[in-house]
>>> print(open('coords35.cif').read())   # mmCIF, C-alpha atoms and all ligand atoms
data_query
#
loop_
_atom_site.group_PDB
_atom_site.id
_atom_site.type_symbol
_atom_site.label_atom_id
_atom_site.label_comp_id
_atom_site.auth_asym_id
_atom_site.auth_seq_id
_atom_site.Cartn_x
_atom_site.Cartn_y
_atom_site.Cartn_z
ATOM 1 C CA MET P 1 12.192 57.927 28.022
ATOM 2 C CA PRO P 2 10.710 54.725 29.433
ATOM 3 C CA THR P 3 7.379 53.804 27.927
ATOM 4 C CA GLU P 4 4.584 53.846 30.447
ATOM 5 C CA GLU P 5 2.758 50.584 30.878
ATOM 6 C CA ILE P 6 -0.649 50.585 29.246
ATOM 7 C CA ILE P 7 -3.559 48.351 30.159
ATOM 8 C CA ILE P 8 -5.526 47.148 27.159
ATOM 9 C CA ASP P 9 -9.267 47.296 27.911
ATOM 10 C CA SER P 10 -10.331 46.599 24.346
ATOM 11 C CA ALA P 11 -8.567 45.212 21.270
ATOM 12 C CA MET P 12 -11.313 44.282 18.816
ATOM 13 C CA SER P 13 -11.382 44.308 15.052
ATOM 14 C CA PHE P 14 -14.029 46.563 13.479
ATOM 15 C CA ALA P 15 -15.952 43.440 12.427
ATOM 16 C CA GLU P 16 -16.024 42.261 16.041
ATOM 17 C CA ALA P 17 -17.132 45.681 17.272
ATOM 18 C CA ILE P 18 -20.254 45.708 15.050
ATOM 19 C CA GLU P 19 -21.026 41.968 15.320
ATOM 20 C CA GLY P 20 -24.759 41.386 15.779
ATOM 21 C CA SER P 21 -25.787 45.035 15.411
ATOM 22 C CA THR P 22 -29.207 45.468 13.811
ATOM 23 C CA ALA P 23 -28.103 48.697 12.092
ATOM 24 C CA PRO P 24 -28.636 48.946 8.327
ATOM 25 C CA LEU P 25 -25.539 48.601 6.153
ATOM 26 C CA GLU P 26 -25.430 52.285 5.188
ATOM 27 C CA ILE P 27 -24.990 53.173 8.843
ATOM 28 C CA ILE P 28 -22.353 50.481 9.421
ATOM 29 C CA ASP P 29 -20.457 51.825 6.389
ATOM 30 C CA SER P 30 -20.426 55.351 7.859
ATOM 31 C CA LEU P 31 -18.779 54.252 11.122
ATOM 32 C CA SER P 32 -15.202 54.127 12.209
ATOM 33 C CA MET P 33 -13.500 52.703 15.284
ATOM 34 C CA ILE P 34 -10.768 54.598 17.077
ATOM 35 C CA ASP P 35 -8.258 53.628 19.740
ATOM 36 C CA VAL P 36 -8.223 55.999 22.707
ATOM 37 C CA ASN P 37 -5.934 56.253 25.731
ATOM 38 C CA TYR P 38 -7.075 57.428 29.152
ATOM 39 C CA TYR P 39 -6.345 57.165 32.847
ATOM 40 C CA SER P 40 -8.911 55.091 34.681
ATOM 41 C CA PHE P 41 -9.939 55.318 38.326
ATOM 42 C CA ASP P 42 -7.009 53.040 39.228
ATOM 43 C CA GLY P 43 -4.644 55.870 38.202
ATOM 44 C CA LEU P 44 -3.181 53.719 35.422
ATOM 45 C CA ARG P 45 -3.100 54.417 31.700
ATOM 46 C CA HIS P 46 -5.527 52.322 29.660
ATOM 47 C CA GLN P 47 -6.301 51.812 25.996
ATOM 48 C CA GLY P 48 -9.848 51.348 24.779
ATOM 49 C CA GLN P 49 -11.846 51.593 21.581
ATOM 50 C CA ILE P 50 -14.922 53.540 20.549
ATOM 51 C CA VAL P 51 -17.116 53.316 17.441
ATOM 52 C CA VAL P 52 -18.326 56.670 16.099
ATOM 53 C CA GLU P 53 -19.508 58.162 12.849
ATOM 54 C CA ALA P 54 -16.381 58.566 10.702
ATOM 55 C CA ARG P 55 -17.024 62.302 10.275
ATOM 56 C CA LEU P 56 -16.813 62.752 14.068
ATOM 57 C CA GLU P 57 -13.641 60.726 14.437
ATOM 58 C CA ASP P 58 -11.334 63.750 14.799
ATOM 59 C CA ASP P 59 -13.574 65.412 17.406
ATOM 60 C CA VAL P 60 -13.739 62.292 19.554
ATOM 61 C CA TYR P 61 -10.049 61.433 19.172
ATOM 62 C CA GLU P 62 -8.949 64.969 20.075
ATOM 63 C CA ILE P 63 -11.357 65.198 23.013
ATOM 64 C CA PHE P 64 -9.928 61.928 24.360
ATOM 65 C CA GLN P 65 -6.450 63.430 23.987
ATOM 66 C CA LEU P 66 -7.617 66.270 26.245
ATOM 67 C CA ILE P 67 -9.173 63.750 28.655
ATOM 68 C CA GLU P 68 -5.820 61.971 28.868
ATOM 69 C CA LYS P 69 -3.847 65.194 29.233
ATOM 70 C CA LEU P 70 -6.073 66.355 32.096
ATOM 71 C CA LYS P 71 -5.949 62.847 33.639
ATOM 72 C CA PHE P 72 -9.723 63.026 33.889
ATOM 73 C CA PRO P 73 -10.480 59.458 34.984
ATOM 74 C CA VAL P 74 -12.581 57.355 32.589
ATOM 75 C CA GLY P 75 -13.909 54.007 33.806
ATOM 76 C CA LYS P 76 -13.365 52.088 30.561
ATOM 77 C CA VAL P 77 -14.019 52.448 26.832
ATOM 78 C CA ILE P 78 -15.234 49.229 25.216
ATOM 79 C CA PRO P 79 -17.553 48.834 22.185
ATOM 80 C CA ILE P 80 -21.000 48.001 23.486
ATOM 81 C CA VAL P 81 -21.093 44.682 21.611
ATOM 82 C CA ALA P 82 -19.182 43.442 24.693
ATOM 83 C CA TYR P 83 -22.419 44.096 26.633
ATOM 84 C CA ARG P 84 -24.614 42.356 24.029
ATOM 85 C CA TRP P 85 -25.802 45.796 22.879
ATOM 86 C CA GLU P 86 -27.486 46.352 26.267
ATOM 87 C CA ASP P 87 -26.994 49.972 27.270
ATOM 88 C CA GLY P 88 -28.129 49.223 30.824
ATOM 89 C CA ASN P 89 -25.340 46.690 31.318
ATOM 90 C CA SER P 90 -22.741 49.004 29.778
ATOM 91 C CA MET P 91 -23.848 51.882 32.050
ATOM 92 C CA ALA P 92 -23.824 49.702 35.154
ATOM 93 C CA ASP P 93 -20.213 48.751 34.321
ATOM 94 C CA ASN P 94 -19.304 52.458 34.004
ATOM 95 C CA ASN P 95 -18.355 51.928 30.368
ATOM 96 C CA ALA P 96 -17.982 54.719 27.827
ATOM 97 C CA SER P 97 -19.409 54.021 24.384
ATOM 98 C CA ALA P 98 -20.907 55.661 21.321
ATOM 99 C CA PHE P 99 -22.422 53.615 18.477
ATOM 100 C CA ASN P 100 -25.409 51.444 19.420
ATOM 101 C CA PHE P 101 -28.349 51.029 17.044
ATOM 102 C CA ARG P 102 -31.186 51.584 19.503
ATOM 103 C CA VAL P 103 -34.116 53.787 20.439
ATOM 104 C CA ILE P 104 -34.018 56.381 23.217
ATOM 105 C CA ALA P 105 -35.030 54.702 26.500
ATOM 106 C CA ASP P 106 -38.842 54.520 26.869
ATOM 107 C CA THR P 107 -39.494 55.988 23.403
ATOM 108 C CA ASN P 108 -39.683 54.665 19.825
ATOM 109 C CA LYS P 109 -37.298 57.371 18.545
ATOM 110 C CA LEU P 110 -33.886 56.346 17.280
ATOM 111 C CA SER P 111 -31.118 57.659 19.525
ATOM 112 C CA LEU P 112 -28.195 59.536 17.990
ATOM 113 C CA HIS P 113 -26.156 56.591 19.328
ATOM 114 C CA SER P 114 -27.710 54.687 16.391
ATOM 115 C CA PHE P 115 -25.563 56.739 14.026
ATOM 116 C CA GLY P 116 -22.473 56.952 16.220
ATOM 117 C CA ARG P 117 -23.240 60.628 16.821
ATOM 118 C CA ALA P 118 -23.548 60.394 20.621
ATOM 119 C CA VAL P 119 -20.883 59.521 23.195
ATOM 120 C CA ASP P 120 -21.508 58.427 26.797
ATOM 121 C CA ILE P 121 -18.734 58.761 29.400
ATOM 122 C CA ASN P 122 -18.689 57.606 33.059
ATOM 123 C CA PRO P 123 -22.406 56.842 33.545
ATOM 124 C CA VAL P 124 -21.832 55.896 37.198
ATOM 125 C CA GLN P 125 -20.471 59.374 38.082
ATOM 126 C CA ASN P 126 -22.801 61.040 35.569
ATOM 127 C CA PRO P 127 -26.122 59.195 35.609
ATOM 128 C CA VAL P 128 -29.275 60.083 33.713
ATOM 129 C CA ILE P 129 -31.900 61.520 36.051
ATOM 130 C CA TYR P 130 -35.539 61.390 34.970
ATOM 131 C CA PRO P 131 -38.070 64.000 36.109
ATOM 132 C CA ALA P 132 -39.724 61.577 38.561
ATOM 133 C CA GLY P 133 -36.340 61.027 40.217
ATOM 134 C CA LEU P 134 -35.555 57.653 38.638
ATOM 135 C CA ILE P 135 -31.804 57.298 38.082
ATOM 136 C CA ALA P 136 -29.892 55.128 35.592
ATOM 137 C CA PRO P 137 -27.684 53.255 36.190
ATOM 138 C CA ALA P 138 -29.462 52.152 39.350
ATOM 139 C CA GLY P 139 -27.752 53.234 42.560
ATOM 140 C CA ALA P 140 -25.672 55.959 40.883
ATOM 141 C CA THR P 141 -25.553 59.443 42.345
ATOM 142 C CA TYR P 142 -24.536 62.700 40.698
ATOM 143 C CA ARG P 143 -22.044 64.490 42.934
ATOM 144 C CA PRO P 144 -20.287 67.275 40.998
ATOM 145 C CA GLN P 145 -17.297 67.302 43.356
ATOM 146 C CA ASN P 146 -16.443 63.643 42.654
ATOM 147 C CA LYS P 147 -13.642 62.678 40.249
ATOM 148 C CA GLY P 148 -14.781 61.798 36.752
ATOM 149 C CA THR P 149 -17.895 63.951 37.017
ATOM 150 C CA PHE P 150 -18.990 66.541 34.445
ATOM 151 C CA ILE P 151 -20.316 70.007 35.239
ATOM 152 C CA ALA P 152 -21.228 72.744 32.758
ATOM 153 C CA LYS P 153 -17.949 74.629 33.132
ATOM 154 C CA HIS P 154 -15.719 71.539 33.031
ATOM 155 C CA PRO P 155 -13.038 71.904 30.309
ATOM 156 C CA ILE P 156 -14.100 68.629 28.686
ATOM 157 C CA VAL P 157 -17.751 69.713 28.513
ATOM 158 C CA GLN P 158 -16.557 73.059 27.153
ATOM 159 C CA GLU P 159 -14.414 71.309 24.529
ATOM 160 C CA PHE P 160 -17.414 69.303 23.285
ATOM 161 C CA ILE P 161 -19.537 72.466 23.139
ATOM 162 C CA LYS P 162 -16.816 74.403 21.317
ATOM 163 C CA ARG P 163 -16.958 71.708 18.632
ATOM 164 C CA GLY P 164 -20.732 71.980 18.240
ATOM 165 C CA TRP P 165 -21.772 69.095 20.486
ATOM 166 C CA HIS P 166 -24.600 69.226 23.029
ATOM 167 C CA TRP P 167 -24.216 68.019 26.610
ATOM 168 C CA GLY P 168 -27.060 66.044 28.198
ATOM 169 C CA GLY P 169 -26.503 67.898 31.485
ATOM 170 C CA ASN P 170 -27.957 70.933 29.739
ATOM 171 C CA PHE P 171 -31.081 69.052 28.617
ATOM 172 C CA GLU P 172 -34.361 70.201 30.143
ATOM 173 C CA GLN P 173 -35.302 66.613 31.006
ATOM 174 C CA PRO P 174 -34.152 64.030 31.562
ATOM 175 C CA LYS P 175 -30.766 65.289 32.753
ATOM 176 C CA ASP P 176 -28.321 62.984 30.958
ATOM 177 C CA TYR P 177 -24.994 63.918 32.513
ATOM 178 C CA HIS P 178 -22.876 61.265 30.744
ATOM 179 C CA HIS P 179 -24.235 62.010 27.247
ATOM 180 C CA PHE P 180 -22.775 64.191 24.477
ATOM 181 C CA GLU P 181 -24.248 64.370 20.974
ATOM 182 C CA LYS P 182 -23.756 66.158 17.698
ATOM 183 C CA THR P 183 -26.922 66.567 15.674
HETATM 184 ZN ZN ZN A 1 -26.120 58.629 25.513
#
>>> encode(input="coords35.cif", output="structure tokens")
Amino acid sequence: MPTEEIIIDSAMSFAEAIEGSTAPLEIIDSLSMIDVNYYSFDGLRHQGQIVVEARLEDDVYEIFQLIEKLKFPVGKVIPIVAYRWEDGNSMADNNASAFNFRVIADTNKLSLHSFGRAVDINPVQNPVIYPAGLIAPAGATYRPQNKGTFIAKHPIVQEFIKRGWHWGGNFEQPKDYHHFEKT
């Protein structure tokens, strides 16, 4: 069987993937980085990396296996250090990521991303929509019929929920369609 060509989107060491994070050491020590394979919007198979809490490693790895099997397109999966820890830049680039020691936008509460317990996928197809209508990333639109978009009954959303995760599309407000978290 010929091996299918794979495009490497990310090939960092763990040290590189946490470089410059302001997270305390006990959080850094609880993290793990996994390699994931997925088809991107170019129809080609890619390899990326994602940093999550070590205890959630199996969930995230197995969900990405389902993502690959279903050929659900994922923009890219690169540790957010590549975006200087700026979630806005990562979202605008349609990047999927998890660990980022930061507060929830416009609050002083630590996000579950701070512990690697939240995963964002395809922010451009699945933006966050605030009650006043503001959308992030800017210019994105949520169109459920588009490829790479999550809806409540999507098998990937269902797989997260089966494993005890919450989907941001079910949040009262804001609607955070790209966000999955395990509390
Ligand atoms: Zn998120």
>>> closest_atom_pairs(input="coords35.cif", of="chain P", to="ligand ZN 1 (chain A)", cutoff="12 Å", atoms="all atoms listed in the file", output="JSON lines")
{"residue": "P:Ile80", "atom": "CA", "partner": "A:ZN1", "partner_atom": "ZN", "distance": 12.0}
{"residue": "P:Asp87", "atom": "CA", "partner": "A:ZN1", "partner_atom": "ZN", "distance": 8.9}
{"residue": "P:Gly88", "atom": "CA", "partner": "A:ZN1", "partner_atom": "ZN", "distance": 11.0}
{"residue": "P:Ser90", "atom": "CA", "partner": "A:ZN1", "partner_atom": "ZN", "distance": 11.1}
{"residue": "P:Met91", "atom": "CA", "partner": "A:ZN1", "partner_atom": "ZN", "distance": 9.7}
{"residue": "P:Asn95", "atom": "CA", "partner": "A:ZN1", "partner_atom": "ZN", "distance": 11.3}
{"residue": "P:Ala96", "atom": "CA", "partner": "A:ZN1", "partner_atom": "ZN", "distance": 9.3}
{"residue": "P:Ser97", "atom": "CA", "partner": "A:ZN1", "partner_atom": "ZN", "distance": 8.2}
{"residue": "P:Ala98", "atom": "CA", "partner": "A:ZN1", "partner_atom": "ZN", "distance": 7.3}
{"residue": "P:Phe99", "atom": "CA", "partner": "A:ZN1", "partner_atom": "ZN", "distance": 9.4}
{"residue": "P:Asn100", "atom": "CA", "partner": "A:ZN1", "partner_atom": "ZN", "distance": 9.4}
{"residue": "P:Phe101", "atom": "CA", "partner": "A:ZN1", "partner_atom": "ZN", "distance": 11.6}
{"residue": "P:Arg102", "atom": "CA", "partner": "A:ZN1", "partner_atom": "ZN", "distance": 10.6}
{"residue": "P:Val103", "atom": "CA", "partner": "A:ZN1", "partner_atom": "ZN", "distance": 10.6}
{"residue": "P:Ile104", "atom": "CA", "partner": "A:ZN1", "partner_atom": "ZN", "distance": 8.5}
{"residue": "P:Ala105", "atom": "CA", "partner": "A:ZN1", "partner_atom": "ZN", "distance": 9.8}
{"residue": "P:Leu110", "atom": "CA", "partner": "A:ZN1", "partner_atom": "ZN", "distance": 11.5}
{"residue": "P:Ser111", "atom": "CA", "partner": "A:ZN1", "partner_atom": "ZN", "distance": 7.9}
{"residue": "P:Leu112", "atom": "CA", "partner": "A:ZN1", "partner_atom": "ZN", "distance": 7.9}
{"residue": "P:His113", "atom": "CA", "partner": "A:ZN1", "partner_atom": "ZN", "distance": 6.5}
{"residue": "P:Ser114", "atom": "CA", "partner": "A:ZN1", "partner_atom": "ZN", "distance": 10.1}
{"residue": "P:Phe115", "atom": "CA", "partner": "A:ZN1", "partner_atom": "ZN", "distance": 11.7}
{"residue": "P:Gly116", "atom": "CA", "partner": "A:ZN1", "partner_atom": "ZN", "distance": 10.1}
{"residue": "P:Arg117", "atom": "CA", "partner": "A:ZN1", "partner_atom": "ZN", "distance": 9.4}
{"residue": "P:Ala118", "atom": "CA", "partner": "A:ZN1", "partner_atom": "ZN", "distance": 5.8}
{"residue": "P:Val119", "atom": "CA", "partner": "A:ZN1", "partner_atom": "ZN", "distance": 5.8}
{"residue": "P:Asp120", "atom": "CA", "partner": "A:ZN1", "partner_atom": "ZN", "distance": 4.8}
{"residue": "P:Ile121", "atom": "CA", "partner": "A:ZN1", "partner_atom": "ZN", "distance": 8.3}
{"residue": "P:Asn122", "atom": "CA", "partner": "A:ZN1", "partner_atom": "ZN", "distance": 10.6}
{"residue": "P:Pro123", "atom": "CA", "partner": "A:ZN1", "partner_atom": "ZN", "distance": 9.0}
{"residue": "P:Asn126", "atom": "CA", "partner": "A:ZN1", "partner_atom": "ZN", "distance": 10.9}
{"residue": "P:Pro127", "atom": "CA", "partner": "A:ZN1", "partner_atom": "ZN", "distance": 10.1}
{"residue": "P:Val128", "atom": "CA", "partner": "A:ZN1", "partner_atom": "ZN", "distance": 8.9}
{"residue": "P:Ala136", "atom": "CA", "partner": "A:ZN1", "partner_atom": "ZN", "distance": 11.3}
{"residue": "P:His166", "atom": "CA", "partner": "A:ZN1", "partner_atom": "ZN", "distance": 11.0}
{"residue": "P:Trp167", "atom": "CA", "partner": "A:ZN1", "partner_atom": "ZN", "distance": 9.6}
{"residue": "P:Gly168", "atom": "CA", "partner": "A:ZN1", "partner_atom": "ZN", "distance": 7.9}
{"residue": "P:Gly169", "atom": "CA", "partner": "A:ZN1", "partner_atom": "ZN", "distance": 11.0}
{"residue": "P:Phe171", "atom": "CA", "partner": "A:ZN1", "partner_atom": "ZN", "distance": 12.0}
{"residue": "P:Pro174", "atom": "CA", "partner": "A:ZN1", "partner_atom": "ZN", "distance": 11.4}
{"residue": "P:Lys175", "atom": "CA", "partner": "A:ZN1", "partner_atom": "ZN", "distance": 10.9}
{"residue": "P:Asp176", "atom": "CA", "partner": "A:ZN1", "partner_atom": "ZN", "distance": 7.3}
{"residue": "P:Tyr177", "atom": "CA", "partner": "A:ZN1", "partner_atom": "ZN", "distance": 8.8}
{"residue": "P:His178", "atom": "CA", "partner": "A:ZN1", "partner_atom": "ZN", "distance": 6.7}
{"residue": "P:His179", "atom": "CA", "partner": "A:ZN1", "partner_atom": "ZN", "distance": 4.2}
{"residue": "P:Phe180", "atom": "CA", "partner": "A:ZN1", "partner_atom": "ZN", "distance": 6.6}
{"residue": "P:Glu181", "atom": "CA", "partner": "A:ZN1", "partner_atom": "ZN", "distance": 7.6}
{"residue": "P:Lys182", "atom": "CA", "partner": "A:ZN1", "partner_atom": "ZN", "distance": 11.1}
>>> write_last_selection(input="coords35.cif", atoms="C-alpha atoms", output="compact mmCIF listing (two decimals), keeping the file's coordinate frame")
# COMPACT_ATOMS: atom_id res chain seq x y z
CA ILE P 80 -21.00 48.00 23.49
CA ASP P 87 -26.99 49.97 27.27
CA GLY P 88 -28.13 49.22 30.82
CA SER P 90 -22.74 49.00 29.78
CA MET P 91 -23.85 51.88 32.05
CA ASN P 95 -18.36 51.93 30.37
CA ALA P 96 -17.98 54.72 27.83
CA SER P 97 -19.41 54.02 24.38
CA ALA P 98 -20.91 55.66 21.32
CA PHE P 99 -22.42 53.62 18.48
CA ASN P 100 -25.41 51.44 19.42
CA PHE P 101 -28.35 51.03 17.04
CA ARG P 102 -31.19 51.58 19.50
CA VAL P 103 -34.12 53.79 20.44
CA ILE P 104 -34.02 56.38 23.22
CA ALA P 105 -35.03 54.70 26.50
CA LEU P 110 -33.89 56.35 17.28
CA SER P 111 -31.12 57.66 19.52
CA LEU P 112 -28.20 59.54 17.99
CA HIS P 113 -26.16 56.59 19.33
CA SER P 114 -27.71 54.69 16.39
CA PHE P 115 -25.56 56.74 14.03
CA GLY P 116 -22.47 56.95 16.22
CA ARG P 117 -23.24 60.63 16.82
CA ALA P 118 -23.55 60.39 20.62
CA VAL P 119 -20.88 59.52 23.20
CA ASP P 120 -21.51 58.43 26.80
CA ILE P 121 -18.73 58.76 29.40
CA ASN P 122 -18.69 57.61 33.06
CA PRO P 123 -22.41 56.84 33.54
CA ASN P 126 -22.80 61.04 35.57
CA PRO P 127 -26.12 59.20 35.61
CA VAL P 128 -29.28 60.08 33.71
CA ALA P 136 -29.89 55.13 35.59
CA HIS P 166 -24.60 69.23 23.03
CA TRP P 167 -24.22 68.02 26.61
CA GLY P 168 -27.06 66.04 28.20
CA GLY P 169 -26.50 67.90 31.48
CA PHE P 171 -31.08 69.05 28.62
CA PRO P 174 -34.15 64.03 31.56
CA LYS P 175 -30.77 65.29 32.75
CA ASP P 176 -28.32 62.98 30.96
CA TYR P 177 -24.99 63.92 32.51
CA HIS P 178 -22.88 61.26 30.74
CA HIS P 179 -24.24 62.01 27.25
CA PHE P 180 -22.78 64.19 24.48
CA GLU P 181 -24.25 64.37 20.97
CA LYS P 182 -23.76 66.16 17.70
>>> resolve_selection(input="coords35.cif", expression="the PyMOL selection byres (((chain P and resi 56) around 10) and not hetatm)", output="ChimeraX atom specification")
/P:31-32,52-55,57-61,116-118,182
>>> write_last_selection(input="coords35.cif", atoms="C-alpha atoms", output="JSON list (two decimals), in the coordinates of the input")
[["chain", "number", "residue", "atom", "x", "y", "z"],
["P", 31, "LEU", "CA", -18.78, 54.25, 11.12],
["P", 32, "SER", "CA", -15.20, 54.13, 12.21],
["P", 52, "VAL", "CA", -18.33, 56.67, 16.10],
["P", 53, "GLU", "CA", -19.51, 58.16, 12.85],
["P", 54, "ALA", "CA", -16.38, 58.57, 10.70],
["P", 55, "ARG", "CA", -17.02, 62.30, 10.28],
["P", 57, "GLU", "CA", -13.64, 60.73, 14.44],
["P", 58, "ASP", "CA", -11.33, 63.75, 14.80],
["P", 59, "ASP", "CA", -13.57, 65.41, 17.41],
["P", 60, "VAL", "CA", -13.74, 62.29, 19.55],
["P", 61, "TYR", "CA", -10.05, 61.43, 19.17],
["P", 116, "GLY", "CA", -22.47, 56.95, 16.22],
["P", 117, "ARG", "CA", -23.24, 60.63, 16.82],
["P", 118, "ALA", "CA", -23.55, 60.39, 20.62],
["P", 182, "LYS", "CA", -23.76, 66.16, 17.70]]
>>> atom_distance(input="coords35.cif", atom1="CA of Ala17 in chain P", atom2="CA of Gly148 in chain P")
25.4 Å
>>> atom_distance(input="coords35.cif", atom1="CA of Ala138 in chain P", atom2="CA of Val36 in chain P")
27.3 Å
>>> atom_distance(input="coords35.cif", atom1="CA of Phe41 in chain P", atom2="CA of Gln125 in chain P")
11.3 Å
>>> closest_residue(input="coords35.cif", among="P:Gln145, P:Gln49, P:Ser10, P:Ser40", to="Asn94 in chain P", atoms="only C-alpha atoms")
P:Ser40
>>> closest_residue(input="coords35.cif", among="P:Arg143, P:Lys109, P:His46, P:Lys162", to="Gly75 in chain P", atoms="all atoms listed in the file")
P:His46
>>> closest_residue(input="coords35.cif", among="P:Thr183, P:Thr22, P:Ser13, P:Asn170", to="Ile50 in chain P", atoms="all atoms listed in the file")
P:Ser13
>>> closest_residue(input="coords35.cif", among="P:Leu66, P:Val157, P:Leu25, P:Ala15", to="Val51 in chain P", atoms="all atoms listed in the file")
P:Ala15
>>> resolve_selection(input="coords35.cif", expression="the PyMOL selection byres (((chain P and resi 37) around 12) and not hetatm)", output="count of residues only")
39
>>> closest_residue(input="coords35.cif", among="P:Pro79, P:Gly139, P:Gly133, P:Gly164", to="Ala92 in chain P", atoms="all atoms listed in the file")
P:Gly139
>>> axis_aligned_box(input="coords35.cif", around="range 56-62 of chain P", padding_each_side="3 Å", output="JSON")
{"center_x": -12.9, "center_y": 63.1, "center_z": 17.1, "size_x": 13.9, "size_y": 10.7, "size_z": 12.0}
>>> closest_residue(input="coords35.cif", among="P:Lys153, P:Pro137, P:Tyr130, P:Asn146", to="Asn89 in chain P", atoms="only C-alpha atoms")
P:Pro137
